[in-house]
Each structure stands twice: as structure tokens, then as C-alpha cells.
Amino acid sequence: MVVSKPDIKLIALDMDGTLLNSNEEISEANRKAITEARNKGVEVVLSTGRHRSSCEAHAISLNLSSYLITVNGSEIWTSEGELVSRQSLDIETIKKLVDLNERYGTRAWMASTEKVFRGEFPADLEGYEWLKVGIDIDSEEVKDRILEELEDNDLLELSNSHPMNIEINAVGINKARALEKICGLMGITLDQVMTVGDSLNDIKMIQEAGLGVAMGNAQEEVKQTADWVTADHNHDGVAKAIEHWIL
């Protein structure tokens, strides 16, 4: 548990359920706090499960100028749009996950390097490079059965962005490892990072950062892992965390 203010040089923010409110908007309070942190010399990165195509505009609107972590860390981009790193899932794994989705009648989405497919997937799976598969599930029992199948596969990194979904990346791909790479590029350490998130795809970066903050709306496991719990995403939780620890 952090008791004194650490020397934070970088803030990493999840987007959905964290930076964005229920209307998928960044509140004015969050914008102001981010700007003030950057004016103090603390850099800010978005660290999201989203594809670059659906998060880059938010980074631009905040005038962020360092890096962008997308698809749970499968890709890292510079603010100028240069690809720093990418790790994809192998095609045999993709085929098995498509089959699993069909067997259980769940609702999957799949992120390729180019775009996100929801429900309808291309017949030519080999024609794409795949970064992440997500599965929305209606039943706890079905979720447990799917997790049981997937947990035996040591090529996969499992997380979620909501209690009733499963997100699947290549093993070793998570937001903490992506942040570690960015820290190396910036000449800082994870001890100098504050991370803020709400779901299991945030839990490793919250565990490993110098200061891990859970949203008020975070899953209970995330709150238990965090050093501090802020307000929820509809009540400027990001701004409150930045004001408390940085400003």
C-alpha cells in the first residue's frame, strides 16, 4: 500500500470504464487534470484494449505526445503513428477460437491489424494478422466452461474488459509488458508509473506500477490489487486520482 506520494513520471490510463464515462466521453474534469499533469512534466499514455482505429482520436483530442498502447498491449504506437511493436496470435489458435465461439453460441469479436470484426468473420482467416479475440458470454456457467478450455493453452494470455467477457491475446501480451517497453524507451522505471483501470486486462499494470489505482466501478479483484481506489468513471475518477497523487 502506497502511503507517501511516489515520484510519478508517467500516467497510464485505461479507456472504457476508466477515462471514458458511460457515454464514451472524456469529462472536462478529466481533460483538465490530464493537461495540468502534463504541464507539470508528467507524461500520459492511453493503455487500452481498443484497436488503434477507435482510440487514436481520443489521444489526439488530449494532445498526447508520447505512446499509445492498444489491443491490450499487442501493439504500441508513437503519437505520430509509427508502430513500435506488434505481437499477433497464430492462425491455428484463431481457427480454434472461431470454432469455440460457434460451439458455445457466444458473441465474439476479433481485432486484426487492420480493423475489428464483430459477429461476421472473413472466410479467409489466413488473409489477416490477428491481434486479439474477445468473447461476450451471457452465462457464468458457459464462461467457466470456456475458461476451463482456454486455461490449458499455454500460448494464450487471458483477461477481460467486463465481468461477462473473455479477452484473448498471445501469451506474454498485457498492458504491464507494454508499459515496461515504453518505460525503457523513456528512460524511466515502472516504479515511476501511475496506472488507472477497472478490469482484468488492467490488473497486471496495476499490480506492477509504482502506484496502481482502481476505479470505483472496477471489478472487485482489481480493487483488491490496487494501492488506491478512486471515484467511478461517471464521477471523474481519473481526475480525482491525478489531483490526489500528482497535482
# chains A, B, ... in the order shown; residues from 1 in each chain; ligands from 1
>>> residues_around(residues="stretch 128-142 of chain A", least_positions_apart="5", cutoff="9 Å", atoms="only C-alpha atoms", output="PyMOL selection string")
chain A and resi 49+71-72+74-75+86-91+94+97-98+101+104-114+122+147+160+162+164-170
>>> select_by_dssp(residues="stretch 41-133 of chain A", states="strand (DSSP E)", output="PyMOL selection string")
chain A and resi 43-47+67-70+75-78+83-86+107-112+116-118+130-133
>>> select_by_dssp(residues="stretch 27-195 of chain A", states="helix (DSSP H, G or I)", output="count of residues only")
68
>>> closest_residue(among="A:Phe121, A:Leu179, A:Thr93, A:Ala218", to="A:Leu155", atoms="only C-alpha atoms")
A:Thr93
>>> atom_distance(atom1="atom CA of A:Ala176", atom2="atom CA of A:Asp227")
15.7 Å
>>> closest_residue(among="A:Ile69, A:Ser53, A:Val171, A:Thr78", to="A:Glu151", atoms="only C-alpha atoms")
A:Val171
>>> residues_around(residues="A:Ala57", least_positions_apart="3", cutoff="12 Å", atoms="only C-alpha atoms", output="JSON, numbers by chain")
{"A": [25, 26, 46, 50, 51, 52, 53, 54, 60, 61, 62, 63, 64, 68, 79, 81]}
>>> residues_around(residues="A:Glu220", least_positions_apart="3", cutoff="12 Å", atoms="only C-alpha atoms", output="list in words")
His162, Pro163, Gly197, Asp198, Ser199, Leu200, Ile203, Ala214, Met215, Gly216, Asn217, Lys223, Gln224, Thr225, Ala226 and Val229 of chain A
>>> write_last_selection(atoms="C-alpha atoms", output="PDB file, in the first residue's frame")
ATOM      1  CA  HIS A 162     -16.119  -6.727 -18.460  1.00  0.00           C
ATOM      2  CA  PRO A 163     -17.135  -9.451 -15.985  1.00  0.00           C
ATOM      3  CA  GLY A 197      -8.073   0.858 -14.700  1.00  0.00           C
ATOM      4  CA  ASP A 198     -11.177  -1.161 -13.938  1.00  0.00           C
ATOM      5  CA  SER A 199     -10.926  -4.673 -15.442  1.00  0.00           C
ATOM      6  CA  LEU A 200      -8.774  -7.801 -15.527  1.00  0.00           C
ATOM      7  CA  ILE A 203      -4.749  -5.850 -13.343  1.00  0.00           C
ATOM      8  CA  ALA A 214      -8.648   1.112  -9.375  1.00  0.00           C
ATOM      9  CA  MET A 215     -11.789   2.904 -10.470  1.00  0.00           C
ATOM     10  CA  GLY A 216     -14.786   2.994  -8.132  1.00  0.00           C
ATOM     11  CA  ASN A 217     -16.620   0.881 -10.728  1.00  0.00           C
ATOM     12  CA  LYS A 223      -9.812  -3.112  -6.326  1.00  0.00           C
ATOM     13  CA  GLN A 224      -8.151  -5.704  -4.091  1.00  0.00           C
ATOM     14  CA  THR A 225      -4.965  -5.460  -6.172  1.00  0.00           C
ATOM     15  CA  ALA A 226      -4.792  -1.655  -6.309  1.00  0.00           C
ATOM     16  CA  VAL A 229      -9.466   3.309  -5.227  1.00  0.00           C
TER      17      VAL A 229
END
>>> residues_around(residues="stretch 36-38 of chain A", least_positions_apart="6", cutoff="8 Å", atoms="only C-alpha atoms", output="PyMOL selection string")
chain A and resi 44+242+246-247
>>> write_last_selection(atoms="C-alpha atoms", output="mmCIF file, in the first residue's frame")
data_model
loop_
_atom_site.group_PDB
_atom_site.id
_atom_site.type_symbol
_atom_site.label_atom_id
_atom_site.label_comp_id
_atom_site.auth_asym_id
_atom_site.auth_seq_id
_atom_site.Cartn_x
_atom_site.Cartn_y
_atom_site.Cartn_z
ATOM 1 C CA VAL A 44 0.237 10.465 -20.130
ATOM 2 C CA ILE A 242 -4.462 12.737 -10.729
ATOM 3 C CA ILE A 246 0.108 14.232 -8.955
ATOM 4 C CA LEU A 247 -1.223 17.759 -8.542
#
>>> residues_around(residues="stretch 30-34 of chain A", least_positions_apart="6", cutoff="9 Å", atoms="only C-alpha atoms", output="list in words")
Ile11, Leu19, Val42, Glu43, Val44, Leu62, Asp236, Gly237, Val238, Ala239, Lys240, Ile242, Glu243 and Leu247 of chain A
>>> closest_residue(among="A:Asp99, A:Glu120, A:Glu28, A:Glu92", to="A:His235", atoms="only C-alpha atoms")
A:Glu28
>>> closest_residue(among="A:Arg103, A:His58, A:His244, A:Lys9", to="A:Ile146", atoms="only C-alpha atoms")
A:Arg103
>>> residues_around(residues="A:Ile8", least_positions_apart="3", cutoff="9 Å", atoms="only C-alpha atoms", output="NGL selection string")
:A and (5 or 11 or 42 or 191-194 or 210-211 or 245-246)
>>> closest_residue(among="A:Ile76, A:Gly127, A:Arg118, A:Ile173", to="A:Asp202", atoms="only C-alpha atoms")
A:Ile173
